[in-house]
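Here is work-v4.cif, consisting of mmCIF, C-alpha atoms:
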```cif
data_protein
#
loop_
_atom_site.label_atom_id
_atom_site.label_comp_id
_atom_site.auth_asym_id
_atom_site.auth_seq_id
_atom_site.Cartn_x
_atom_site.Cartn_y
_atom_site.Cartn_z
CA MET A 1 11.64 -25.24 -6.19
CA ILE A 2 11.42 -28.77 -7.50
CA THR A 3 9.00 -28.36 -10.38
CA ASN A 4 8.90 -31.84 -11.83
CA ARG A 5 7.26 -33.39 -8.73
CA MET A 6 4.54 -30.81 -8.06
CA GLU A 7 0.97 -32.04 -8.43
CA TRP A 8 -1.13 -30.12 -10.96
CA ILE A 9 -4.64 -29.25 -9.75
CA GLU A 10 -7.46 -27.87 -11.90
CA ASN A 11 -8.92 -24.49 -10.89
CA GLU A 12 -12.40 -25.97 -10.47
CA VAL A 13 -11.08 -28.30 -7.77
CA ILE A 14 -9.70 -25.34 -5.81
CA PHE A 15 -13.01 -23.47 -6.12
CA ASN A 16 -14.98 -26.50 -4.92
CA LYS A 17 -12.69 -27.08 -1.95
CA LEU A 18 -12.91 -23.42 -0.93
CA GLU A 19 -16.70 -23.61 -1.01
CA GLU A 20 -16.57 -26.83 1.07
CA LYS A 21 -14.04 -25.25 3.48
CA SER A 22 -12.02 -28.45 3.11
CA THR A 23 -9.24 -28.28 5.70
CA ASN A 24 -8.00 -31.76 4.74
CA PHE A 25 -7.61 -30.86 1.08
CA PHE A 26 -5.69 -27.64 1.74
CA ASN A 27 -3.34 -29.36 4.20
CA LYS A 28 -2.20 -31.92 1.58
CA PRO A 29 -0.23 -29.59 -0.74
CA GLY A 30 1.73 -28.32 2.28
CA ASN A 31 3.54 -25.06 1.79
CA LYS A 32 2.52 -24.48 -1.83
CA VAL A 33 -0.94 -23.27 -0.77
CA CYS A 34 -2.31 -20.79 1.74
CA VAL A 35 -5.94 -20.06 2.52
CA SER A 36 -7.60 -17.25 4.44
CA LYS A 37 -9.18 -18.49 7.66
CA ASN A 38 -12.67 -17.74 6.28
CA TYR A 39 -11.99 -19.73 3.06
CA VAL A 40 -12.72 -16.78 0.81
CA TYR A 41 -9.17 -16.51 -0.58
CA CYS A 42 -6.55 -19.03 -1.64
CA LEU A 43 -3.07 -18.65 -3.10
CA PHE A 44 -1.59 -21.67 -4.84
CA LEU A 45 1.85 -22.24 -6.36
CA GLN A 46 1.71 -24.39 -9.47
CA VAL A 47 3.89 -25.20 -12.46
CA ASN A 48 2.28 -24.44 -15.81
CA LYS A 49 3.24 -25.25 -19.37
CA ALA A 50 5.04 -22.09 -20.50
CA TRP A 51 7.27 -20.87 -23.28
CA TYR A 52 9.47 -17.90 -24.05
CA ILE A 53 8.90 -15.84 -27.20
CA GLU A 54 12.02 -14.02 -28.35
CA ASN A 55 11.71 -10.22 -28.06
CA GLU A 56 8.30 -10.54 -26.35
CA GLY A 57 8.54 -12.57 -23.16
CA TRP A 58 6.89 -15.43 -21.31
CA ARG A 59 3.48 -16.96 -22.05
CA ASP A 60 1.68 -19.92 -20.53
CA SER A 61 -1.32 -22.08 -21.34
CA ASN A 62 -2.63 -22.60 -17.80
CA SER A 63 -2.24 -26.32 -18.34
CA LYS A 64 -0.22 -29.16 -16.91
CA PRO A 65 3.19 -29.37 -18.53
CA GLU A 66 4.33 -32.61 -20.11
CA LYS A 67 7.90 -33.79 -19.62
CA SER A 68 8.92 -32.39 -23.01
CA ASN A 69 7.35 -28.95 -22.36
CA SER A 70 9.07 -25.94 -20.94
CA LYS A 71 7.44 -24.86 -17.68
CA ARG A 72 7.19 -21.95 -15.33
CA LEU A 73 6.10 -21.49 -11.71
CA VAL A 74 2.98 -19.36 -11.29
CA LEU A 75 1.19 -17.98 -8.26
CA ASN A 76 -2.57 -18.48 -8.60
CA PHE A 77 -5.03 -16.27 -6.71
CA PHE A 78 -8.55 -17.56 -6.01
CA LYS A 79 -11.55 -15.88 -4.43
CA VAL A 80 -14.96 -17.41 -3.68
CA ASP A 81 -17.70 -15.27 -2.16
CA GLU A 82 -21.44 -14.68 -2.48
CA GLU A 83 -20.88 -12.83 -5.77
CA GLY A 84 -19.01 -15.66 -7.49
CA GLU A 85 -15.70 -17.35 -8.22
CA TYR A 86 -12.66 -15.37 -9.37
CA TRP A 87 -9.17 -16.38 -10.41
CA PHE A 88 -6.00 -14.89 -11.84
CA LYS A 89 -2.32 -15.77 -11.87
CA ILE A 90 1.11 -14.23 -12.10
CA PHE A 91 4.46 -15.72 -13.07
CA VAL A 92 6.86 -16.13 -10.17
CA PRO A 93 10.17 -14.37 -10.95
CA LEU A 94 12.89 -16.81 -11.97
CA LYS A 95 15.23 -15.36 -9.33
CA LEU A 96 12.99 -16.74 -6.54
CA SER A 97 13.77 -20.34 -5.63
CA ASN A 98 12.24 -22.78 -3.18
CA CYS A 99 9.03 -20.75 -2.90
CA ARG A 100 6.52 -21.54 -0.18
CA LEU A 101 3.37 -19.94 1.23
CA LEU A 102 2.10 -19.32 4.75
CA THR A 103 -1.17 -17.98 6.08
CA ILE A 104 -0.34 -15.40 8.78
CA ASP A 105 -3.90 -14.46 9.74
CA ASN A 106 -7.31 -14.15 8.08
CA ASN A 107 -6.14 -11.30 5.84
CA THR A 108 -2.36 -11.76 5.62
CA PHE A 109 -0.14 -14.24 3.80
CA GLN A 110 3.58 -14.64 3.33
CA LEU A 111 5.50 -15.90 0.33
CA LEU A 112 8.98 -17.08 1.25
CA SER A 113 11.86 -17.97 -1.04
CA ASP A 114 15.51 -18.67 -0.36
CA THR A 115 16.24 -14.96 -0.84
CA GLU A 116 13.04 -13.02 -0.11
CA SER A 117 10.04 -12.74 2.17
CA ILE A 118 6.95 -11.03 0.79
CA ILE A 119 3.96 -10.24 3.00
CA GLY A 120 0.68 -9.44 1.31
CA GLN A 121 -3.01 -9.15 2.05
CA PHE A 122 -5.68 -11.48 0.74
CA ASP A 123 -8.17 -8.62 0.36
CA ALA A 124 -5.87 -6.88 -2.15
CA PHE A 125 -7.20 -9.52 -4.57
CA ASP A 126 -9.57 -7.25 -6.49
CA SER A 127 -7.06 -4.50 -7.23
CA LEU A 128 -4.27 -6.96 -8.03
CA MET A 129 -6.52 -8.88 -10.42
CA TRP A 130 -6.96 -5.83 -12.64
CA ASP A 131 -3.30 -4.86 -12.38
CA PHE A 132 -2.04 -8.33 -13.31
CA MET A 133 -4.29 -9.26 -16.23
CA THR A 134 -2.58 -8.42 -19.50
CA GLY A 135 -3.09 -11.25 -21.98
CA GLU A 136 0.34 -10.34 -23.33
CA ALA A 137 3.74 -12.01 -23.14
CA GLU A 138 5.79 -10.64 -20.25
CA SER A 139 9.51 -10.01 -19.97
CA GLU A 140 11.33 -11.07 -16.82
CA THR A 141 11.63 -7.40 -15.80
CA GLU A 142 7.86 -6.94 -16.16
CA ILE A 143 7.25 -10.10 -14.14
CA GLU A 144 9.54 -8.91 -11.34
CA ASP A 145 7.94 -5.44 -11.29
CA LYS A 146 4.40 -6.85 -11.15
CA PHE A 147 5.37 -9.31 -8.45
CA LYS A 148 6.49 -6.43 -6.21
CA MET A 149 2.88 -5.16 -6.22
CA ILE A 150 1.87 -8.09 -4.01
CA GLU A 151 3.89 -6.81 -1.06
CA LEU A 152 2.08 -5.03 1.73
CA LYS A 153 3.26 -1.43 1.88
#
```

Represent the supplied structure as structure tokens.
Amino acid sequence: MITNRMEWIENEVIFNKLEEKSTNFFNKPGNKVCVSKNYVYCLFLQVNKAWYIENEGWRDSNSKPEKSNSKRLVLNFFKVDEEGEYWFKIFVPLKLSNCRLLTIDNNTFQLLSDTESIIGQFDAFDSLMWDFMTGEAESETEIEDKFKMIELK
């Protein structure tokens, strides 16, 4: 995936556009975003400022990288419903290139790369959120193992 030309969008913008059910907005990023048909869920591929800590793993700052920063592709998960706004993210494994997202139906999405196709369900959001939040640096093996949890079994 070409990371140096991807637009960086603040989380609050995504939340607002979900609440507005803004078809035009979600069509602009093309295949780096997918939205459930009811606009409750959104997945968004974005490049974040990130760094590798020797003997610990990858960390990120959830911020736009500058040219001099190291960066890493992340998959952001958003949910907006009557109870509130929720968000979490996961690093995309380095072995996946040219990643893109598709909405299959109201509850199903697909993440495609040059080597893999992963089908998941939007309503797995709540369980994935708790499984993915660590606050710790993550090794590439941990990232790959967590990423497998997205796939519909």

Practice task
Considering all atoms listed in the file, state which residue in the set A:Asn24, A:Ile150, A:Ile143, A:Asn106 is at the smallest distance from Leu73 (chain A).
Solution key: A:Ile143

For region 36-79 of chain A versus region 90-102 of chain A, which residues have an atom no more than 10 Å away, and what is each residue's nearest atom pair and distance in Å rounded to one decimal, using all atoms listed in the file, chain-then-number order, as JSON lines?
```
{"residue": "A:Ser36", "atom": "CA", "partner": "A:Leu102", "partner_atom": "CA", "distance": 9.9}
{"residue": "A:Leu43", "atom": "CA", "partner": "A:Leu101", "partner_atom": "CA", "distance": 7.9}
{"residue": "A:Phe44", "atom": "CA", "partner": "A:Leu101", "partner_atom": "CA", "distance": 8.0}
{"residue": "A:Leu45", "atom": "CA", "partner": "A:Arg100", "partner_atom": "CA", "distance": 7.8}
{"residue": "A:Gln46", "atom": "CA", "partner": "A:Val92", "partner_atom": "CA", "distance": 9.8}
{"residue": "A:Val47", "atom": "CA", "partner": "A:Phe91", "partner_atom": "CA", "distance": 9.5}
{"residue": "A:Asn48", "atom": "CA", "partner": "A:Phe91", "partner_atom": "CA", "distance": 9.4}
{"residue": "A:Ala50", "atom": "CA", "partner": "A:Phe91", "partner_atom": "CA", "distance": 9.8}
{"residue": "A:Trp58", "atom": "CA", "partner": "A:Phe91", "partner_atom": "CA", "distance": 8.6}
{"residue": "A:Arg59", "atom": "CA", "partner": "A:Phe91", "partner_atom": "CA", "distance": 9.1}
{"residue": "A:Asp60", "atom": "CA", "partner": "A:Phe91", "partner_atom": "CA", "distance": 9.0}
{"residue": "A:Arg72", "atom": "CA", "partner": "A:Phe91", "partner_atom": "CA", "distance": 7.2}
{"residue": "A:Leu73", "atom": "CA", "partner": "A:Val92", "partner_atom": "CA", "distance": 5.6}
{"residue": "A:Val74", "atom": "CA", "partner": "A:Phe91", "partner_atom": "CA", "distance": 4.3}
{"residue": "A:Leu75", "atom": "CA", "partner": "A:Ile90", "partner_atom": "CA", "distance": 5.4}
{"residue": "A:Asn76", "atom": "CA", "partner": "A:Ile90", "partner_atom": "CA", "distance": 6.6}
{"residue": "A:Phe77", "atom": "CA", "partner": "A:Ile90", "partner_atom": "CA", "distance": 8.4}
```

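With CA of Glu20 (chain A) on one side and CA of Asn38 (chain A) on the other, the separation reads 11.2 Å.
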
Handout entry: Residues returned when the PyMOL selection byres ((chain A and resi 125) around 12) runs on this file, as an NGL selection string
Key = :A and (36 or 40-43 or 76-80 or 86-89 or 107-109 or 120-124 or 126-132 or 149-151)

Exercise for the section: Point out the residue among A:Lys17, A:Glu7, A:Ser63, A:Asn31 with the least atom-to-atom distance to Leu112 (chain A), counting only C-alpha atoms. Expected result: A:Asn31

Handout entry: Pick from A:Asn62, A:Thr103, A:Trp8, A:Phe15, whichever lies nearest to Asn27 (chain A) using all atoms listed in the file
Key = A:Thr103

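With distances restricted to all atoms listed in the file, A:Lys32 is the closest residue to Ser113 (chain A) from A:Asn55, A:Met133, A:Lys32, A:Lys71.
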
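In this model, the gap between CA of Lys153 (chain A) and CA of Glu116 (chain A) comes to 15.3 Å.
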